[in-house]
Amino acid sequence: MTSPDTATRPPLTTTIRLRLRQPARRRNIELGMLLLAIAINGVALGLVQIGALGRIGGTMLALGAGLGILVLAVHVALRVVAPDADPFVLPIATVLNGIGIAGITRIDIAKELVGWDASGVRQIAWSAIAIIIAFAVLLLIRNHRVLLRYRYVIGLAALILLLLPLVPGLGRPVNGAYVWISVGGLSFQPGEIGKILLAVFFAGYLVTARDSLSLVGRTILGIRFPRARDLGPILVVWMFAMVVLIGQRDLGTSLLYFGLFLVMLYVATGRPSWIILGMLLFVGGAFAASRLFTYVGNRFTAWLDAFNPEYADDQSYQLVQGIFGLANGGLLGTGLGRGRPDIVPLAESDFIMATLGEELGLIGLFAILCLYLLFVSRGFRIGFTGQDDFGRLLGVGVSFVVALQVFIVIGGVTRVIPLTGLTTPFLAAGGSSLVANWIIVALLLRLSDSVRSQPRWVVVPS
C-alpha cells in the first residue's frame, strides 16, 4: 500500500529523462540559428561581390565557409563542455562577425586589395584566431567563481595592459591616440583585453565592498547621496579615466572604462546617486580637458561645428563624409556593393557603420542594432538569473561593455557625441577587438552554463 505522497511523486527515471533533454533542446535551437547565420553571411558576401564586381569570387566564399565550419565545430564542442549554455549568444556573434566581413570586403574591392593586403582576408584570419582563443577560455574557466579568487591579480594585469601604450618605445600613436603597442612588427591594442579584466576586477571588488558603498548619506531632492568618506573608489576610477583621456588622448576609451564602473556600481548598490555623481565628474573633467588641451578641444569643435567649411576639409572631414554616406543610403540602402563607402576615411574600421548604413539603409542598420540589443539583453538575463553576486555583476559588466561601445560608435557616426575612435564590436576591422569580443562570448557561455547547472534553493511551505 502506497502513501498519497508516493502515489503522486513522478518516477525517478522520468525526472532524469527531462533533465537530459533540456540541454539537447537548447543546443538544437543553437544549431538551427547557426546554420541560418552562416547562410546570411554567405549571401551577404556573395551580394557584395555581385554588386561591386558583377561576379562571385570563390576565394572569399571559401574562406568564409571555413570560418562557418569552425563555428559549427565550436557548437559541437559546446554539447560536451557547456551543454546548458545560452543558445542565442553564439549565433548572434557569428552573424555580426560575418556581416562585418562582408562590409570590409566591400572596401577591399573598391581599393582593389587582394590577398593578405585585403582587410577582409585578415579579418577572417583574426576571426578564426579569436574563436579558437574564446574556446580555449571556455575550456580553461570551468567555473566562473574561480575568477573571484584572483580579482586583485586580474586588476593589476588590467592596469598594466591599459598603461602599456604610454611606455616609451612600446606605444605607437594612431590618429593621435596612444592606445596601440608595437612588438616585432605586430600591433595590438592591449586596452581591448584590459576592459574585460577590468570588468572581472570591478565585479570582484564590488561584491566585497558594496555594503559600505550602499550606506545611506544625505538626502538631497529626494535622492540619497553617499557619504564623503565613501567617494574614494569612484574618485580613483575617475582620475584613472582622466589619465587615459589626457595621456592616451582617447576620449572613447576613457568613457568606456568610467561608464563600465558606474553601471556595475549602480547594479551592485541600487543607488542612482552614483550615476548622477559619476556623470557630473566625467562631464566636468571632459569639459576642463577640452579647454586645457588642444587635441581634446579640436574633437569638440569638429563635433559641434562639423559642417563649417573651416573644419569640413580637415578635422571633421571623416564625420561629414560618413553622414553624407548614411544620407545616400536612405531607408532601403543602395544595395550591397552598389554604394561608395570607400570615400569615407577608415570606412572598414572606425566608420564601418557608415559603410553598412549606406548599402543596407536605415532598415539594415536597425536590424543590426536589434542583433546587438538581443545580444546585450541575453547577457543581462544571464547575469540576473544567477544566484551568486559575482556572476551577476560579471554578466552585466561584460554585456554592458558591448552596449556602451555600440552607443559610443553609433553616437559618434551620427554626431550625437564627439568621435572617439572606438571600434564597433564584431563588425569593425581589427584583431584586438575581435579577440576581446569573442572572449566576452566565451564568458557569457560559461556563465549561462553555470547558472543553469547550479543547484537551486527550493522553499517548501510548512
# chains A, B, ... in the order shown; residues from 1 in each chain; ligands from 1
>>> residues_around(residues="Arg446 (chain A)", least_positions_apart="5", cutoff="7 Å", atoms="only C-alpha atoms", output="list in words")
Ala82, Ala85 and Leu138 of chain A
>>> write_last_selection(atoms="N, CA, C and O atoms", output="PDB file, in the first residue's frame")
ATOM      1  N   ALA A  82      29.760  22.648 -22.354  1.00  0.00           N
ATOM      2  CA  ALA A  82      28.796  23.604 -21.789  1.00  0.00           C
ATOM      3  C   ALA A  82      27.411  23.324 -22.353  1.00  0.00           C
ATOM      4  O   ALA A  82      26.840  24.141 -23.092  1.00  0.00           O
ATOM      5  N   ALA A  85      24.580  26.003 -21.918  1.00  0.00           N
ATOM      6  CA  ALA A  85      24.874  27.385 -22.290  1.00  0.00           C
ATOM      7  C   ALA A  85      23.738  27.997 -23.097  1.00  0.00           C
ATOM      8  O   ALA A  85      22.953  27.299 -23.743  1.00  0.00           O
ATOM      9  N   LEU A 138      36.887  29.108 -22.691  1.00  0.00           N
ATOM     10  CA  LEU A 138      35.748  28.298 -22.228  1.00  0.00           C
ATOM     11  C   LEU A 138      36.228  27.006 -21.576  1.00  0.00           C
ATOM     12  O   LEU A 138      35.657  26.555 -20.572  1.00  0.00           O
TER      13      LEU A 138
END
>>> closest_atom_pairs(of="region 247-310 of chain A", to="region 232-241 of chain A", cutoff="10 Å", atoms="only C-alpha atoms", output="JSON lines")
{"residue": "A:Gly247", "atom": "CA", "partner": "A:Ala241", "partner_atom": "CA", "distance": 9.8}
{"residue": "A:Asp250", "atom": "CA", "partner": "A:Ala241", "partner_atom": "CA", "distance": 9.7}
{"residue": "A:Leu251", "atom": "CA", "partner": "A:Ala241", "partner_atom": "CA", "distance": 8.9}
{"residue": "A:Thr253", "atom": "CA", "partner": "A:Ala241", "partner_atom": "CA", "distance": 8.1}
{"residue": "A:Ser254", "atom": "CA", "partner": "A:Ala241", "partner_atom": "CA", "distance": 4.7}
{"residue": "A:Leu255", "atom": "CA", "partner": "A:Ala241", "partner_atom": "CA", "distance": 7.1}
{"residue": "A:Leu256", "atom": "CA", "partner": "A:Ala241", "partner_atom": "CA", "distance": 8.8}
{"residue": "A:Tyr257", "atom": "CA", "partner": "A:Ala241", "partner_atom": "CA", "distance": 6.7}
{"residue": "A:Phe258", "atom": "CA", "partner": "A:Ala241", "partner_atom": "CA", "distance": 6.1}
{"residue": "A:Gly259", "atom": "CA", "partner": "A:Ala241", "partner_atom": "CA", "distance": 9.6}
{"residue": "A:Phe261", "atom": "CA", "partner": "A:Val237", "partner_atom": "CA", "distance": 7.6}
{"residue": "A:Leu262", "atom": "CA", "partner": "A:Ile234", "partner_atom": "CA", "distance": 8.0}
{"residue": "A:Leu265", "atom": "CA", "partner": "A:Ile234", "partner_atom": "CA", "distance": 8.9}
{"residue": "A:Trp274", "atom": "CA", "partner": "A:Ile234", "partner_atom": "CA", "distance": 8.5}
{"residue": "A:Leu277", "atom": "CA", "partner": "A:Ile234", "partner_atom": "CA", "distance": 8.9}
{"residue": "A:Gly278", "atom": "CA", "partner": "A:Ile234", "partner_atom": "CA", "distance": 7.4}
{"residue": "A:Leu281", "atom": "CA", "partner": "A:Trp238", "partner_atom": "CA", "distance": 7.2}
{"residue": "A:Phe282", "atom": "CA", "partner": "A:Trp238", "partner_atom": "CA", "distance": 7.0}
{"residue": "A:Gly285", "atom": "CA", "partner": "A:Trp238", "partner_atom": "CA", "distance": 8.7}
{"residue": "A:Ala286", "atom": "CA", "partner": "A:Ala241", "partner_atom": "CA", "distance": 9.9}
>>> closest_atom_pairs(of="region 302-397 of chain A", to="region 200-210 of chain A", cutoff="6 Å", atoms="only C-alpha atoms", output="tab-separated table")
residue	atom	partner	partner_atom	distance
A:Phe390	CA	A:Ala203	CA	5.7
A:Leu393	CA	A:Ala203	CA	5.2
A:Leu394	CA	A:Ala203	CA	5.5
>>> write_last_selection(atoms="N, CA and C atoms", output="PDB file, in the first residue's frame")
ATOM      1  N   PHE A 390      28.737  37.691  -7.682  1.00  0.00           N
ATOM      2  CA  PHE A 390      29.870  37.892  -8.591  1.00  0.00           C
ATOM      3  C   PHE A 390      29.472  37.581 -10.029  1.00  0.00           C
ATOM      4  N   LEU A 393      27.180  40.381 -11.428  1.00  0.00           N
ATOM      5  CA  LEU A 393      27.901  41.595 -11.813  1.00  0.00           C
ATOM      6  C   LEU A 393      28.775  41.372 -13.043  1.00  0.00           C
ATOM      7  N   LEU A 394      29.389  40.205 -13.133  1.00  0.00           N
ATOM      8  CA  LEU A 394      30.254  39.924 -14.279  1.00  0.00           C
ATOM      9  C   LEU A 394      29.437  39.845 -15.562  1.00  0.00           C
TER      10      LEU A 394
END
>>> select_by_dssp(residues="region 150-191 of chain A", states="helix (DSSP H, G or I)", output="CSV table (one decimal) with N, CA and C atoms, in the first residue's frame")
chain,number,residue,atom,x,y,z
A,151,ARG,N,40.9,38.2,-8.1
A,151,ARG,CA,40.4,39.5,-8.6
A,151,ARG,C,41.5,40.6,-8.5
A,152,TYR,N,42.3,40.6,-7.5
A,152,TYR,CA,43.3,41.7,-7.4
A,152,TYR,C,44.5,41.5,-8.4
A,153,VAL,N,44.8,40.2,-8.6
A,153,VAL,CA,45.8,39.9,-9.7
A,153,VAL,C,45.3,40.3,-11.0
A,154,ILE,N,44.0,40.0,-11.3
A,154,ILE,CA,43.4,40.4,-12.6
A,154,ILE,C,43.3,42.0,-12.7
A,155,GLY,N,43.0,42.6,-11.6
A,155,GLY,CA,43.0,44.1,-11.6
A,155,GLY,C,44.4,44.7,-11.9
A,156,LEU,N,45.4,44.1,-11.3
A,156,LEU,CA,46.8,44.6,-11.6
A,156,LEU,C,47.1,44.3,-13.1
A,157,ALA,N,46.8,43.2,-13.6
A,157,ALA,CA,47.0,42.9,-15.0
A,157,ALA,C,46.3,43.9,-15.9
A,158,ALA,N,45.1,44.2,-15.6
A,158,ALA,CA,44.3,45.2,-16.3
A,158,ALA,C,45.0,46.6,-16.3
A,159,LEU,N,45.5,47.0,-15.2
A,159,LEU,CA,46.2,48.3,-15.1
A,159,LEU,C,47.4,48.3,-15.9
A,160,ILE,N,48.2,47.2,-15.9
A,160,ILE,CA,49.4,47.1,-16.7
A,160,ILE,C,49.1,47.2,-18.2
A,161,LEU,N,48.1,46.5,-18.6
A,161,LEU,CA,47.7,46.5,-20.0
A,161,LEU,C,47.2,47.9,-20.5
A,162,LEU,N,46.5,48.5,-19.6
A,162,LEU,CA,45.9,49.8,-20.0
A,162,LEU,C,47.0,50.9,-20.1
A,163,LEU,N,48.1,50.8,-19.3
A,163,LEU,CA,49.2,51.8,-19.3
A,163,LEU,C,50.3,51.4,-20.3
A,164,LEU,N,50.3,50.2,-20.9
A,164,LEU,CA,51.4,49.8,-21.8
A,164,LEU,C,51.6,50.8,-22.9
A,165,PRO,N,50.5,51.4,-23.5
A,165,PRO,CA,50.8,52.3,-24.7
A,165,PRO,C,51.5,53.6,-24.3
A,166,LEU,N,51.6,53.9,-23.0
A,166,LEU,CA,52.3,55.1,-22.5
A,166,LEU,C,53.8,54.8,-22.3
A,190,PRO,N,46.2,46.7,-26.3
A,190,PRO,CA,46.0,46.0,-25.0
A,190,PRO,C,44.8,46.4,-24.3
A,191,GLY,N,44.3,47.6,-24.5
A,191,GLY,CA,43.1,48.1,-23.8
A,191,GLY,C,41.9,47.2,-24.1
>>> select_by_dssp(residues="region 83-278 of chain A", states="strand (DSSP E)", output="list in words")
Gly171, Arg172, Pro173, Val174, Ala177, Tyr178, Val179, Trp180, Ile181, Ser182, Val183, Leu186, Ser187, Phe188, Thr219, Ile220, Ile223 and Arg224 of chain A
>>> write_last_selection(atoms="C-alpha atoms", output="compact mmCIF listing (two decimals), in the first residue's frame")
# COMPACT_ATOMS: atom_id res chain seq x y z
CA GLY A 171 53.39 52.65 -27.56
CA ARG A 172 52.52 53.68 -31.11
CA PRO A 173 50.26 56.66 -31.84
CA VAL A 174 47.42 56.07 -34.32
CA ALA A 177 45.75 58.40 -29.78
CA TYR A 178 48.22 56.27 -27.80
CA VAL A 179 46.22 53.06 -27.50
CA TRP A 180 48.38 50.70 -29.57
CA ILE A 181 51.64 48.90 -28.85
CA SER A 182 54.02 47.53 -31.45
CA VAL A 183 56.24 44.49 -30.79
CA LEU A 186 52.93 43.24 -34.76
CA SER A 187 50.48 45.83 -33.46
CA PHE A 188 47.99 45.16 -30.70
CA THR A 219 19.18 63.10 1.10
CA ILE A 220 19.03 65.92 -1.47
CA ILE A 223 17.87 61.26 -3.72
CA ARG A 224 20.16 59.70 -1.12
>>> atom_distance(atom1="CA of Ile56 (chain A)", atom2="CA of Ile131 (chain A)")
26.4 Å
>>> residues_around(residues="Gly57 (chain A)", least_positions_apart="5", cutoff="10 Å", atoms="only C-alpha atoms", output="mmCIF file with N, CA, C and O atoms, in the first residue's frame")
data_model
loop_
_atom_site.group_PDB
_atom_site.id
_atom_site.type_symbol
_atom_site.label_atom_id
_atom_site.label_comp_id
_atom_site.auth_asym_id
_atom_site.auth_seq_id
_atom_site.Cartn_x
_atom_site.Cartn_y
_atom_site.Cartn_z
ATOM 1 N N LEU A 45 28.114 38.115 -48.415
ATOM 2 C CA LEU A 45 29.413 38.171 -49.087
ATOM 3 C C LEU A 45 29.249 38.003 -50.597
ATOM 4 O O LEU A 45 29.904 38.698 -51.391
ATOM 5 N N GLY A 46 28.350 37.125 -51.009
ATOM 6 C CA GLY A 46 28.103 36.952 -52.439
ATOM 7 C C GLY A 46 27.482 38.183 -53.079
ATOM 8 O O GLY A 46 27.856 38.583 -54.189
ATOM 9 N N GLN A 49 30.051 40.912 -53.754
ATOM 10 C CA GLN A 49 30.866 40.659 -54.942
ATOM 11 C C GLN A 49 30.068 40.866 -56.228
ATOM 12 O O GLN A 49 30.581 41.421 -57.200
ATOM 13 N N ILE A 50 28.813 40.421 -56.227
ATOM 14 C CA ILE A 50 27.980 40.630 -57.426
ATOM 15 C C ILE A 50 27.732 42.122 -57.657
ATOM 16 O O ILE A 50 27.827 42.628 -58.788
ATOM 17 N N ALA A 62 35.140 30.691 -49.985
ATOM 18 C CA ALA A 62 35.768 29.500 -49.415
ATOM 19 C C ALA A 62 36.300 29.787 -48.009
ATOM 20 O O ALA A 62 36.142 28.976 -47.085
#
>>> residues_around(residues="Ile352 (chain A)", least_positions_apart="5", cutoff="9 Å", atoms="only C-alpha atoms", output="NGL selection string")
:A and (100 or 103-104 or 341 or 346-347 or 357 or 423-424 or 427-429)
>>> atom_distance(atom1="CA of Leu61 (chain A)", atom2="CA of Gln123 (chain A)")
13.4 Å
>>> closest_residue(among="A:Leu36, A:Ala44, A:Val81, A:Val413", to="Asp449 (chain A)", atoms="only C-alpha atoms")
A:Val81
>>> residues_around(residues="Ile124 (chain A)", least_positions_apart="4", cutoff="12 Å", atoms="only C-alpha atoms", output="PyMOL selection string")
chain A and resi 59-68+70+94+97-102+104-105+115-116+118-120+128-131+426-431+434-435
>>> residues_around(residues="Ala436 (chain A)", least_positions_apart="6", cutoff="8 Å", atoms="only C-alpha atoms", output="number ranges by chain")
A: 130, 192-193, 196
